[in-house]
$ cat final-v2.txt   # compact mmCIF, C-alpha atoms and all ligand atoms
# COMPACT_ATOMS: atom_id res chain seq x y z
CA MET M 353 -8.08 -0.33 36.35
CA PRO M 354 -8.74 -3.74 34.73
CA GLY M 355 -12.28 -4.31 33.49
CA PRO M 356 -14.27 -7.50 33.88
CA ASP M 357 -13.09 -10.72 32.25
CA LEU M 358 -14.37 -11.27 28.74
CA LEU M 359 -15.65 -14.77 27.96
CA LEU M 360 -16.30 -15.65 24.32
CA VAL M 361 -18.18 -18.91 23.86
CA ASN M 362 -19.59 -20.99 21.05
CA GLY M 363 -17.06 -19.77 18.49
CA LYS M 364 -14.78 -21.33 15.92
CA PHE M 365 -11.35 -19.97 16.81
CA THR M 366 -8.41 -20.24 14.46
CA THR M 367 -5.52 -20.09 16.92
CA LEU M 368 -2.51 -20.60 14.59
CA ASP M 369 -1.08 -22.72 17.42
CA ARG M 370 -0.05 -26.03 15.79
CA SER M 371 -0.45 -27.97 19.03
CA ARG M 372 -4.04 -26.77 19.36
CA PRO M 373 -5.23 -25.24 16.09
CA THR M 374 -8.86 -24.72 17.07
CA ALA M 375 -10.85 -23.74 20.14
CA THR M 376 -14.50 -23.03 20.88
CA ALA M 377 -14.13 -20.58 23.78
CA VAL M 378 -11.61 -18.11 25.17
CA LEU M 379 -11.26 -16.07 28.32
CA ILE M 380 -9.64 -12.65 28.00
CA ARG M 381 -8.30 -10.84 31.07
CA ASP M 382 -6.66 -7.42 31.00
CA GLY M 383 -6.48 -7.56 27.22
CA ARG M 384 -4.70 -10.92 27.11
CA PHE M 385 -5.83 -14.48 26.50
CA ALA M 386 -6.08 -16.25 29.87
CA VAL M 387 -7.69 -19.44 28.52
CA VAL M 388 -7.96 -20.78 24.97
CA GLY M 389 -10.01 -23.98 24.90
CA ASP M 390 -13.62 -24.94 25.49
CA GLU M 391 -16.42 -23.31 27.42
CA ALA M 392 -16.03 -25.42 30.57
CA GLU M 393 -12.33 -24.59 30.89
CA ALA M 394 -12.88 -20.91 30.20
CA ARG M 395 -15.82 -20.59 32.60
CA ALA M 396 -13.91 -22.37 35.35
CA ALA M 397 -11.16 -19.76 35.17
CA ALA M 398 -13.43 -16.72 34.90
CA GLY M 399 -13.47 -14.14 37.70
CA ALA M 400 -16.55 -12.98 39.58
CA GLU M 401 -17.14 -10.18 37.11
CA VAL M 402 -17.40 -11.52 33.60
CA GLN M 403 -18.94 -10.33 30.36
CA VAL M 404 -20.10 -13.25 28.21
CA ILE M 405 -20.56 -13.03 24.44
CA ASP M 406 -22.15 -15.93 22.56
CA LEU M 407 -20.55 -16.03 19.10
CA GLU M 408 -23.27 -18.32 17.77
CA GLY M 409 -20.82 -20.43 15.81
CA ARG M 410 -18.93 -17.57 14.10
CA ARG M 411 -15.31 -17.91 12.96
CA VAL M 412 -12.72 -15.92 14.93
CA ILE M 413 -9.29 -15.18 13.47
CA PRO M 414 -6.30 -13.28 14.83
CA GLY M 415 -6.25 -9.64 13.78
CA LEU M 416 -4.50 -9.33 10.42
CA ILE M 417 -1.45 -7.12 10.08
CA ASP M 418 -0.85 -5.66 6.61
CA SER M 419 2.87 -5.03 6.33
CA HIS M 420 2.65 -2.75 3.29
CA MET M 421 -0.12 -0.24 3.00
CA HIS M 422 -0.55 3.44 2.23
CA VAL M 423 -3.18 4.07 4.89
CA ILE M 424 -2.07 7.53 6.00
CA ARG M 425 -2.28 8.97 2.48
CA GLY M 426 -5.17 6.77 1.35
CA GLY M 427 -7.27 7.88 4.29
CA LEU M 428 -7.17 11.48 3.10
CA ASN M 429 -9.03 10.50 -0.10
CA TYR M 430 -10.94 7.37 0.81
CA ASN M 431 -14.38 8.99 1.00
CA MET M 432 -13.99 10.44 -2.50
CA GLU M 433 -13.36 7.09 -4.17
CA LEU M 434 -15.59 4.50 -5.69
CA ARG M 435 -13.87 1.14 -5.39
CA TRP M 436 -14.06 -1.75 -7.84
CA ASP M 437 -12.05 -4.20 -5.71
CA GLY M 438 -13.37 -7.68 -6.45
CA VAL M 439 -16.24 -6.56 -8.70
CA PRO M 440 -16.71 -9.54 -11.07
CA SER M 441 -17.90 -7.84 -14.25
CA LEU M 442 -17.53 -4.59 -16.12
CA SER M 443 -21.30 -4.31 -16.35
CA ASP M 444 -21.52 -4.40 -12.53
CA ALA M 445 -18.71 -1.86 -12.29
CA MET M 446 -20.45 0.48 -14.74
CA ALA M 447 -23.74 0.13 -12.86
CA MET M 448 -21.90 1.25 -9.70
CA LEU M 449 -20.39 4.17 -11.58
CA LYS M 450 -23.75 5.22 -12.96
CA ALA M 451 -25.41 5.07 -9.54
CA GLN M 452 -22.58 7.12 -8.05
CA ALA M 453 -22.77 9.68 -10.87
CA GLN M 454 -26.40 10.32 -10.04
CA VAL M 455 -25.49 11.45 -6.50
CA THR M 456 -22.20 13.18 -7.34
CA PRO M 457 -22.78 16.58 -8.93
CA PRO M 458 -19.86 18.50 -10.46
CA PRO M 459 -17.45 20.05 -9.57
CA GLN M 460 -16.84 16.90 -7.43
CA TRP M 461 -15.28 14.03 -9.37
CA LEU M 462 -16.01 10.35 -9.60
CA ARG M 463 -12.77 8.47 -8.97
CA VAL M 464 -11.88 4.82 -9.22
CA VAL M 465 -8.24 4.73 -8.22
CA GLY M 466 -6.45 1.40 -8.34
CA GLY M 467 -7.37 -1.86 -6.68
CA PHE M 468 -8.79 -3.53 -9.79
CA SER M 469 -7.64 -4.78 -13.17
CA GLU M 470 -9.34 -5.58 -16.44
CA HIS M 471 -8.47 -9.25 -15.87
CA GLN M 472 -10.96 -9.53 -12.99
CA PHE M 473 -13.91 -8.57 -15.21
CA ALA M 474 -15.80 -11.31 -17.06
CA GLU M 475 -15.56 -9.07 -20.14
CA LYS M 476 -11.73 -8.91 -19.81
CA ARG M 477 -11.65 -5.29 -20.80
CA LEU M 478 -11.82 -1.76 -19.44
CA PRO M 479 -14.72 0.58 -20.15
CA THR M 480 -14.54 2.60 -23.35
CA LEU M 481 -14.48 6.38 -23.25
CA ASP M 482 -17.91 6.42 -24.89
CA GLU M 483 -19.30 4.26 -22.09
CA LEU M 484 -17.89 6.67 -19.50
CA ASN M 485 -19.41 9.66 -21.26
CA ALA M 486 -22.77 7.90 -21.42
CA VAL M 487 -23.01 7.13 -17.68
CA ALA M 488 -21.59 10.48 -16.54
CA PRO M 489 -22.26 13.30 -19.00
CA GLU M 490 -21.78 16.07 -16.41
CA THR M 491 -19.62 14.78 -13.55
CA PRO M 492 -15.88 14.42 -14.19
CA VAL M 493 -14.83 10.75 -14.11
CA PHE M 494 -11.24 9.63 -13.50
CA ILE M 495 -10.44 5.92 -13.64
CA LEU M 496 -6.92 4.71 -12.87
CA HIS M 497 -5.94 1.25 -14.08
CA LEU M 498 -2.85 -0.01 -12.22
CA TYR M 499 0.05 2.28 -13.10
CA ASP M 500 -0.34 2.19 -16.85
CA ARG M 501 -3.36 4.26 -17.85
CA ALA M 502 -6.11 6.63 -16.81
CA LEU M 503 -9.48 7.10 -18.47
CA LEU M 504 -11.15 10.50 -18.33
CA ASN M 505 -14.60 11.33 -19.59
CA ARG M 506 -15.27 14.59 -21.46
CA ALA M 507 -16.24 16.42 -18.27
CA ALA M 508 -12.95 15.42 -16.65
CA LEU M 509 -10.96 16.57 -19.69
CA ARG M 510 -12.71 19.94 -19.43
CA ALA M 511 -12.01 20.10 -15.68
CA VAL M 512 -8.29 19.47 -16.10
CA GLY M 513 -8.13 21.73 -19.15
CA TYR M 514 -6.38 19.34 -21.56
CA THR M 515 -6.81 20.48 -25.17
CA ARG M 516 -5.14 19.91 -28.51
CA ASP M 517 -2.56 22.50 -27.45
CA THR M 518 -1.54 20.66 -24.26
CA PRO M 519 1.88 19.06 -24.80
CA ASP M 520 2.61 15.51 -23.61
CA PRO M 521 4.57 15.69 -20.36
CA PRO M 522 7.93 13.85 -20.17
CA GLY M 523 7.30 10.13 -19.76
CA GLY M 524 3.57 10.42 -20.42
CA GLN M 525 1.18 10.51 -23.37
CA ILE M 526 -2.16 12.22 -23.88
CA GLN M 527 -3.83 10.13 -26.60
CA ARG M 528 -5.28 12.23 -29.47
CA ASP M 529 -7.92 11.61 -32.10
CA ALA M 530 -7.46 12.27 -35.83
CA ALA M 531 -8.22 15.96 -35.27
CA GLY M 532 -5.58 16.18 -32.52
CA GLU M 533 -8.08 16.47 -29.68
CA PRO M 534 -7.43 14.51 -26.45
CA THR M 535 -9.58 11.39 -26.34
CA GLY M 536 -9.51 11.00 -22.56
CA LEU M 537 -6.93 8.21 -22.46
CA LEU M 538 -3.69 9.01 -20.61
CA LEU M 539 -0.78 6.58 -20.81
CA ALA M 540 2.29 6.11 -18.64
CA GLN M 541 5.13 6.06 -21.19
CA PRO M 542 6.67 4.71 -19.08
CA ASN M 543 6.19 6.61 -15.84
CA ALA M 544 2.93 7.28 -14.09
CA THR M 545 3.55 10.92 -13.21
CA ILE M 546 1.01 12.09 -15.80
CA LEU M 547 -1.66 9.90 -14.19
CA TYR M 548 -1.14 11.20 -10.67
CA ALA M 549 -0.52 14.79 -11.71
CA THR M 550 -3.89 14.72 -13.48
CA LEU M 551 -5.65 13.13 -10.52
CA SER M 552 -4.24 15.84 -8.27
CA ARG M 553 -6.20 18.48 -10.20
CA GLY M 554 -9.44 17.20 -8.70
CA PRO M 555 -11.07 18.70 -5.62
CA LYS M 556 -9.55 17.81 -2.25
CA LEU M 557 -11.40 17.09 0.94
CA PRO M 558 -11.26 19.80 3.60
CA ARG M 559 -9.48 18.84 6.84
CA GLU M 560 -12.61 17.89 8.78
CA TYR M 561 -13.65 15.57 5.95
CA GLN M 562 -10.17 14.06 5.80
CA LEU M 563 -10.52 13.10 9.47
CA ASN M 564 -13.84 11.45 8.70
CA SER M 565 -12.42 9.82 5.56
CA THR M 566 -9.49 8.29 7.47
CA ARG M 567 -11.87 6.96 10.11
CA HIS M 568 -13.93 5.29 7.39
CA PHE M 569 -10.83 3.78 5.81
CA MET M 570 -9.76 2.31 9.16
CA ARG M 571 -13.27 1.02 9.78
CA GLU M 572 -13.27 -0.71 6.42
CA LEU M 573 -9.96 -2.34 7.34
CA ASN M 574 -11.50 -3.53 10.61
CA ARG M 575 -14.41 -5.00 8.68
CA LEU M 576 -11.90 -7.05 6.70
CA GLY M 577 -10.21 -8.31 9.87
CA VAL M 578 -7.23 -5.95 9.71
CA THR M 579 -6.13 -4.58 13.08
CA GLY M 580 -2.59 -3.44 12.26
CA VAL M 581 -0.77 -1.94 9.28
CA ILE M 582 2.71 -0.75 8.47
CA ASP M 583 2.47 2.38 6.39
CA ALA M 584 5.04 2.46 3.59
CA GLY M 585 4.93 6.23 3.09
CA GLY M 586 4.44 7.42 -0.45
CA GLY M 587 4.96 10.12 -3.01
CA ALA M 588 3.60 13.48 -1.90
CA GLN M 589 3.28 12.20 1.64
CA ASN M 590 5.42 14.79 3.37
CA TYR M 591 6.51 14.42 6.95
CA PRO M 592 5.28 15.97 9.16
CA ASP M 593 2.73 18.05 7.20
CA ASP M 594 0.70 15.21 5.71
CA TYR M 595 0.62 13.34 9.03
CA ALA M 596 -1.53 15.96 10.77
CA VAL M 597 -4.78 14.04 10.18
CA ILE M 598 -3.58 10.68 11.48
CA GLU M 599 -1.87 12.40 14.40
CA LYS M 600 -5.04 14.22 15.35
CA LEU M 601 -7.03 10.98 15.26
CA HIS M 602 -4.36 9.38 17.42
CA ALA M 603 -4.36 12.27 19.88
CA GLU M 604 -8.14 12.03 20.17
CA GLY M 605 -8.17 8.28 20.79
CA GLU M 606 -9.86 7.50 17.47
CA MET M 607 -7.44 4.97 16.02
CA THR M 608 -9.14 1.65 15.26
CA VAL M 609 -6.07 0.22 13.51
CA ARG M 610 -2.53 0.07 14.90
CA VAL M 611 -0.33 2.01 12.51
CA SER M 612 3.43 2.04 12.38
CA TYR M 613 4.90 4.21 9.68
CA ASN M 614 8.03 4.55 7.60
CA LEU M 615 9.27 7.88 6.27
CA PHE M 616 9.56 8.14 2.47
CA THR M 617 11.95 10.67 0.98
CA GLN M 618 10.31 13.23 -1.30
CA LYS M 619 13.32 14.80 -2.96
CA PRO M 620 15.25 13.14 -5.78
CA LYS M 621 18.97 13.91 -5.36
CA GLU M 622 18.34 15.31 -1.88
CA GLU M 623 17.40 12.07 -0.17
CA LEU M 624 20.35 12.10 2.21
CA ALA M 625 19.40 15.57 3.47
CA ASP M 626 15.82 14.38 4.00
CA PHE M 627 16.87 11.44 6.16
CA ALA M 628 19.52 13.43 8.01
CA GLY M 629 16.88 16.01 8.90
CA TRP M 630 14.38 13.40 10.04
CA ALA M 631 17.02 11.59 12.11
CA ARG M 632 17.28 14.76 14.18
CA GLN M 633 13.48 15.07 14.53
CA ILE M 634 12.26 11.60 15.36
CA THR M 635 13.49 8.27 16.72
CA PRO M 636 12.39 4.85 15.45
CA GLY M 637 10.06 3.25 17.94
CA GLN M 638 8.81 6.65 19.08
CA GLY M 639 5.06 6.61 19.71
CA ASP M 640 2.81 4.01 21.26
CA ASP M 641 1.07 0.78 20.27
CA LEU M 642 -1.49 2.60 18.14
CA TYR M 643 0.84 4.93 16.26
CA ARG M 644 4.56 4.37 16.09
CA HIS M 645 7.50 5.44 13.96
CA ASN M 646 9.11 2.49 12.18
CA GLY M 647 12.15 3.89 10.30
CA ALA M 648 12.87 4.78 6.66
CA GLY M 649 11.42 3.80 3.27
CA GLU M 650 9.97 2.38 1.11
CA MET M 651 11.76 5.05 -0.96
CA LEU M 652 15.38 5.56 0.10
CA VAL M 653 16.77 7.03 -3.13
CA TYR M 654 14.80 7.61 -6.32
CA SER M 655 17.50 6.09 -8.49
CA ALA M 656 17.02 2.69 -6.80
CA ALA M 657 13.26 2.52 -7.33
CA ASP M 658 12.38 0.07 -10.07
CA PHE M 659 8.91 0.99 -11.23
CA GLU M 660 6.90 -2.19 -11.80
CA ASP M 661 4.70 -2.54 -14.82
CA PHE M 662 4.86 -6.09 -16.09
CA ARG M 663 3.45 -5.00 -19.44
CA ALA M 664 6.67 -3.12 -20.00
CA PRO M 665 10.30 -4.29 -20.00
CA ARG M 666 12.20 -4.26 -16.70
CA PRO M 667 13.71 -0.85 -15.98
CA GLU M 668 17.43 -0.71 -15.23
CA ALA M 669 18.52 1.51 -12.35
CA PRO M 670 20.96 4.22 -13.50
CA ALA M 671 24.69 3.73 -13.10
CA GLY M 672 24.98 6.20 -10.22
CA MET M 673 22.42 4.39 -8.08
CA GLU M 674 24.94 2.76 -5.72
CA SER M 675 26.73 6.03 -4.98
CA GLU M 676 23.42 7.60 -3.92
CA LEU M 677 22.16 4.63 -1.93
CA GLU M 678 25.34 3.99 0.02
CA PRO M 679 25.48 7.24 2.05
CA VAL M 680 21.79 6.88 2.90
CA ILE M 681 22.26 3.31 4.17
CA ARG M 682 25.34 4.40 6.09
CA LEU M 683 23.41 7.22 7.75
CA LEU M 684 20.54 4.88 8.64
CA VAL M 685 22.83 2.26 10.16
CA GLU M 686 24.82 4.85 12.09
CA ASN M 687 21.58 6.24 13.52
CA ARG M 688 20.16 2.73 14.12
CA TRP M 689 17.21 3.46 11.82
CA PRO M 690 15.41 0.39 10.47
CA TRP M 691 14.53 0.62 6.77
CA ARG M 692 12.49 -0.93 4.00
CA LEU M 693 13.38 -0.61 0.32
CA HIS M 694 11.03 -0.90 -2.66
CA ALA M 695 12.63 -3.36 -5.11
CA THR M 696 10.64 -5.42 -7.59
CA TYR M 697 13.33 -7.16 -9.61
CA ASP M 698 16.27 -9.38 -8.69
CA GLU M 699 18.64 -7.17 -10.68
CA THR M 700 17.78 -4.17 -8.48
CA ILE M 701 17.99 -6.23 -5.30
CA ASP M 702 21.39 -7.57 -6.37
CA ARG M 703 22.84 -4.09 -6.70
CA ALA M 704 21.26 -2.88 -3.45
CA LEU M 705 22.73 -5.89 -1.63
CA ASP M 706 26.20 -4.99 -2.93
CA VAL M 707 25.73 -1.65 -1.19
CA PHE M 708 24.33 -3.18 2.00
CA GLU M 709 27.22 -5.66 2.26
CA ARG M 710 29.76 -2.90 1.74
CA VAL M 711 28.24 -0.73 4.48
CA ASN M 712 27.90 -3.71 6.81
CA ARG M 713 31.65 -4.33 6.57
CA ASP M 714 32.32 -0.79 7.87
CA VAL M 715 29.37 -0.31 10.20
CA PRO M 716 27.89 -3.67 11.20
CA PHE M 717 24.11 -3.91 10.90
CA ASP M 718 24.23 -5.92 14.11
CA GLY M 719 20.61 -7.03 14.23
CA LEU M 720 19.14 -3.81 12.84
CA HIS M 721 15.78 -4.54 11.18
CA TRP M 722 15.60 -3.99 7.42
CA PHE M 723 13.76 -5.55 4.52
CA PHE M 724 12.97 -5.40 0.83
CA ASP M 725 9.45 -4.68 -0.34
CA HIS M 726 7.96 -6.65 -3.28
CA ALA M 727 10.91 -8.82 -4.50
CA GLU M 728 8.78 -10.58 -7.11
CA THR M 729 11.70 -11.99 -9.12
CA ILE M 730 14.32 -12.42 -6.38
CA SER M 731 16.84 -15.24 -6.97
CA PRO M 732 17.73 -17.98 -4.45
CA ARG M 733 21.22 -16.52 -4.20
CA ASN M 734 19.93 -13.10 -3.16
CA ILE M 735 17.46 -14.62 -0.70
CA ASP M 736 20.49 -16.20 0.98
CA ARG M 737 22.38 -12.90 0.95
CA ILE M 738 19.43 -11.24 2.70
CA ALA M 739 19.36 -14.02 5.30
CA ALA M 740 23.09 -13.57 5.93
CA LEU M 741 22.58 -9.86 6.61
CA GLY M 742 19.62 -10.41 8.93
CA GLY M 743 17.04 -8.86 6.59
CA GLY M 744 13.51 -9.80 5.57
CA ILE M 745 11.05 -9.44 2.71
CA ALA M 746 7.57 -7.96 2.58
CA ILE M 747 5.51 -9.48 -0.22
CA GLN M 748 2.18 -8.36 -1.68
CA HIS M 749 -0.42 -9.89 -3.97
CA ARG M 750 0.51 -7.67 -6.89
CA MET M 751 0.45 -10.72 -9.16
CA ALA M 752 -3.30 -10.89 -8.58
CA TYR M 753 -3.51 -7.70 -10.63
CA GLN M 754 -0.62 -8.18 -13.01
CA GLY M 755 -0.07 -11.93 -13.16
CA GLU M 756 -1.45 -12.21 -16.71
CA ASP M 757 0.92 -9.51 -17.90
CA PHE M 758 3.83 -11.11 -16.04
CA ALA M 759 3.11 -14.55 -17.53
CA ALA M 760 2.82 -13.09 -21.02
CA ARG M 761 6.29 -11.55 -20.72
CA TYR M 762 8.23 -14.07 -18.61
CA GLY M 763 6.26 -17.31 -19.06
CA GLU M 764 3.87 -19.41 -16.99
CA THR M 765 6.65 -21.33 -15.28
CA ALA M 766 8.28 -18.18 -13.96
CA ALA M 767 4.89 -16.90 -12.82
CA GLU M 768 4.40 -20.01 -10.67
CA VAL M 769 7.22 -18.96 -8.33
CA THR M 770 6.63 -15.23 -8.37
CA PRO M 771 7.28 -14.15 -5.72
CA PRO M 772 9.17 -17.23 -4.43
CA ILE M 773 7.57 -17.31 -1.00
CA GLY M 774 8.41 -20.95 -0.25
CA ARG M 775 12.08 -20.32 -0.92
CA MET M 776 12.06 -17.24 1.33
CA MET M 777 10.47 -19.19 4.17
CA ALA M 778 12.84 -22.13 3.71
CA ALA M 779 15.79 -19.73 4.04
CA GLY M 780 14.40 -18.65 7.40
CA LEU M 781 13.64 -15.09 6.33
CA PRO M 782 10.95 -13.13 8.12
CA VAL M 783 8.30 -12.68 5.43
CA GLY M 784 5.57 -10.10 5.83
CA ALA M 785 2.36 -10.09 3.80
CA GLY M 786 0.61 -6.99 2.64
CA THR M 787 -1.57 -5.44 -0.02
CA ASP M 788 0.03 -2.16 -1.12
CA ALA M 789 -3.52 -0.78 -0.76
CA THR M 790 -4.97 1.30 -2.07
CA ARG M 791 -2.37 2.14 -4.73
CA SER M 792 -3.90 5.56 -4.91
CA PRO M 793 -1.25 8.20 -4.57
CA ALA M 794 -2.72 11.64 -4.24
CA THR M 795 -0.28 14.19 -5.46
CA THR M 796 -0.08 17.88 -5.15
CA PRO M 797 0.69 19.90 -8.25
CA GLY M 798 4.39 19.91 -8.89
CA SER M 799 5.08 16.92 -6.72
CA ARG M 800 7.27 14.10 -7.86
CA SER M 801 5.08 11.11 -7.19
CA THR M 802 5.69 8.34 -9.65
CA GLY M 803 3.30 5.87 -8.24
CA TRP M 804 4.38 4.35 -4.95
ZN ZN M 901 6.70 -0.18 -3.54
$ encode --input "final-v2.txt" --output "structure tokens" --more "lines below"
Ligand SMILES: [Zn+2]
Amino acid sequence: MPGPDLLLVNGKFTTLDRSRPTATAVLIRDGRFAVVGDEAEARAAAGAEVQVIDLEGRRVIPGLIDSHMHVIRGGLNYNMELRWDGVPSLSDAMAMLKAQAQVTPPPQWLRVVGGFSEHQFAEKRLPTLDELNAVAPETPVFILHLYDRALLNRAALRAVGYTRDTPDPPGGQIQRDAAGEPTGLLLAQPNATILYATLSRGPKLPREYQLNSTRHFMRELNRLGVTGVIDAGGGAQNYPDDYAVIEKLHAEGEMTVRVSYNLFTQKPKEELADFAGWARQITPGQGDDLYRHNGAGEMLVYSAADFEDFRAPRPEAPAGMESELEPVIRLLVENRWPWRLHATYDETIDRALDVFERVNRDVPFDGLHWFFDHAETISPRNIDRIAALGGGIAIQHRMAYQGEDFAARYGETAAEVTPPIGRMMAAGLPVGAGTDATRSPATTPGSRSTGW
């Protein structure tokens, strides 16, 4: 049963239509634009029943679609996090932390998990451990900076139980003072497992609160103009168990963002079995406009995942990577499963493309949708190889957080074309834009998350 027409007048519409880039009024009928123009045109076409909204000169943009987000997992924790996104100074950030500490009694934690970097602060530095202890003497504080370090105050160290006798985990370092006691600084050396494993020791929200938390996360996205996201899966985001919250919201008609989601393998060395099992359970495209399955990724095999930390040298994928990736790609193509693959560096993309081209010769991709995520340092040659295979690229603004580190390692000139968006567009590739928000993997003890 169609409702009344909706007439929006006195607005500033950004149409993205080159032949008519702006409009001041629109008429919407049955959920579609019937007129885009001025008030006289729109009124003339309106039906007998019409709801009129005067926008009083406000800007109207198309709903934004974020092609790389971790909304399903992020929603489970959103209400527990203090966010420093865009906060201009460390003193402002610390004032927020102090205010939050006063209303957050232990055993709950104060968490700032991703979404900021020291470069955004006027002071160009992170808080010291002493500063954290001063603003929050009782409540555990956990602050995650990108994927390289976490800062814990004394209360958090007590809560997680790290002492002088706690060994450093593989790939991670617990910084010690002269007496051998942990200082509260945890370092990825080089992988971020220690950071997420420590975060996972904090309290979790009960199910009812996770529903509320996910609603708030979606509402915040709406506030920023986001109406659709593609969920890139993530470490510790098991299908179907960790999808119960989003599926309940969908079943109850509470989605305020359209979500399509990719499935992310959770088992190093058993990735093929994961995808084979899922291919029997679910079909790409299954769902509806508000919640739909979108294929595989962004993790296809752990050996192909090049962890990005521009402070550190580029990691080289192990020699056996191709022999693990190939059967997974073959399975996906045979089952007509679209995929996305996390790949930061051109060297990783180059080797993945060798695999894709080999599979395509046996089992033609034939228009199947697939793309690389990130691709910061992709070469012109590999952009052309992607175009030839009908693929795309999803880029994010990771350089906004790590551009200084990238430029320090690779030079300002390289940073200017990182990622090379103009070159991708010129090659005719579909290019998606996204945020990778909120970069806040929540792991369960024993899980393998390394930071996607
Ligand atoms: Zn990724």
$ closest_residue --input "final-v2.txt" --among "M:Val680, M:Ile773, M:Ala584, M:Leu358" --to "Asp406 in chain M" --atoms "all atoms listed in the file"
M:Leu358
$ atom_distance --input "final-v2.txt" --atom1 "CA of Gly586 in chain M" --atom2 "atom ZN of ligand ZN 901 (chain M)"
8.5 Å
$ residues_near_ligand --input "final-v2.txt" --ligand "ligand ZN 901 (chain M)" --cutoff "9 Å" --atoms "only C-alpha atoms and all ligand atoms" --output "ChimeraX atom specification"
/M:420,584,586,650-651,657-660,693-696,725-726,788,803-804
$ residues_around --input "final-v2.txt" --residues "Met776 in chain M" --least-positions-apart "4" --cutoff "12 Å" --atoms "only C-alpha atoms" --output "ChimeraX atom specification"
/M:724,727-739,743-747,769-772,780-784
$ write_last_selection --input "final-v2.txt" --atoms "C-alpha atoms" --output "CSV table (one decimal), in the coordinates of the input"
chain,number,residue,atom,x,y,z
M,724,PHE,CA,13.0,-5.4,0.8
M,727,ALA,CA,10.9,-8.8,-4.5
M,728,GLU,CA,8.8,-10.6,-7.1
M,729,THR,CA,11.7,-12.0,-9.1
M,730,ILE,CA,14.3,-12.4,-6.4
M,731,SER,CA,16.8,-15.2,-7.0
M,732,PRO,CA,17.7,-18.0,-4.4
M,733,ARG,CA,21.2,-16.5,-4.2
M,734,ASN,CA,19.9,-13.1,-3.2
M,735,ILE,CA,17.5,-14.6,-0.7
M,736,ASP,CA,20.5,-16.2,1.0
M,737,ARG,CA,22.4,-12.9,1.0
M,738,ILE,CA,19.4,-11.2,2.7
M,739,ALA,CA,19.4,-14.0,5.3
M,743,GLY,CA,17.0,-8.9,6.6
M,744,GLY,CA,13.5,-9.8,5.6
M,745,ILE,CA,11.0,-9.4,2.7
M,746,ALA,CA,7.6,-8.0,2.6
M,747,ILE,CA,5.5,-9.5,-0.2
M,769,VAL,CA,7.2,-19.0,-8.3
M,770,THR,CA,6.6,-15.2,-8.4
M,771,PRO,CA,7.3,-14.2,-5.7
M,772,PRO,CA,9.2,-17.2,-4.4
M,780,GLY,CA,14.4,-18.6,7.4
M,781,LEU,CA,13.6,-15.1,6.3
M,782,PRO,CA,11.0,-13.1,8.1
M,783,VAL,CA,8.3,-12.7,5.4
M,784,GLY,CA,5.6,-10.1,5.8
$ residues_around --input "final-v2.txt" --residues "Asp583 in chain M" --least-positions-apart "5" --cutoff "8 Å" --atoms "all atoms listed in the file" --output "tab-separated table (two decimals) with C-alpha atoms, in the frame of the given file"
chain	number	residue	atom	x	y	z
M	419	SER	CA	2.87	-5.03	6.33
M	420	HIS	CA	2.65	-2.75	3.29
M	421	MET	CA	-0.12	-0.24	3.00
M	422	HIS	CA	-0.55	3.44	2.23
M	423	VAL	CA	-3.18	4.07	4.89
M	424	ILE	CA	-2.07	7.53	6.00
M	611	VAL	CA	-0.33	2.01	12.51
M	612	SER	CA	3.43	2.04	12.38
M	613	TYR	CA	4.90	4.21	9.68
M	614	ASN	CA	8.03	4.55	7.60
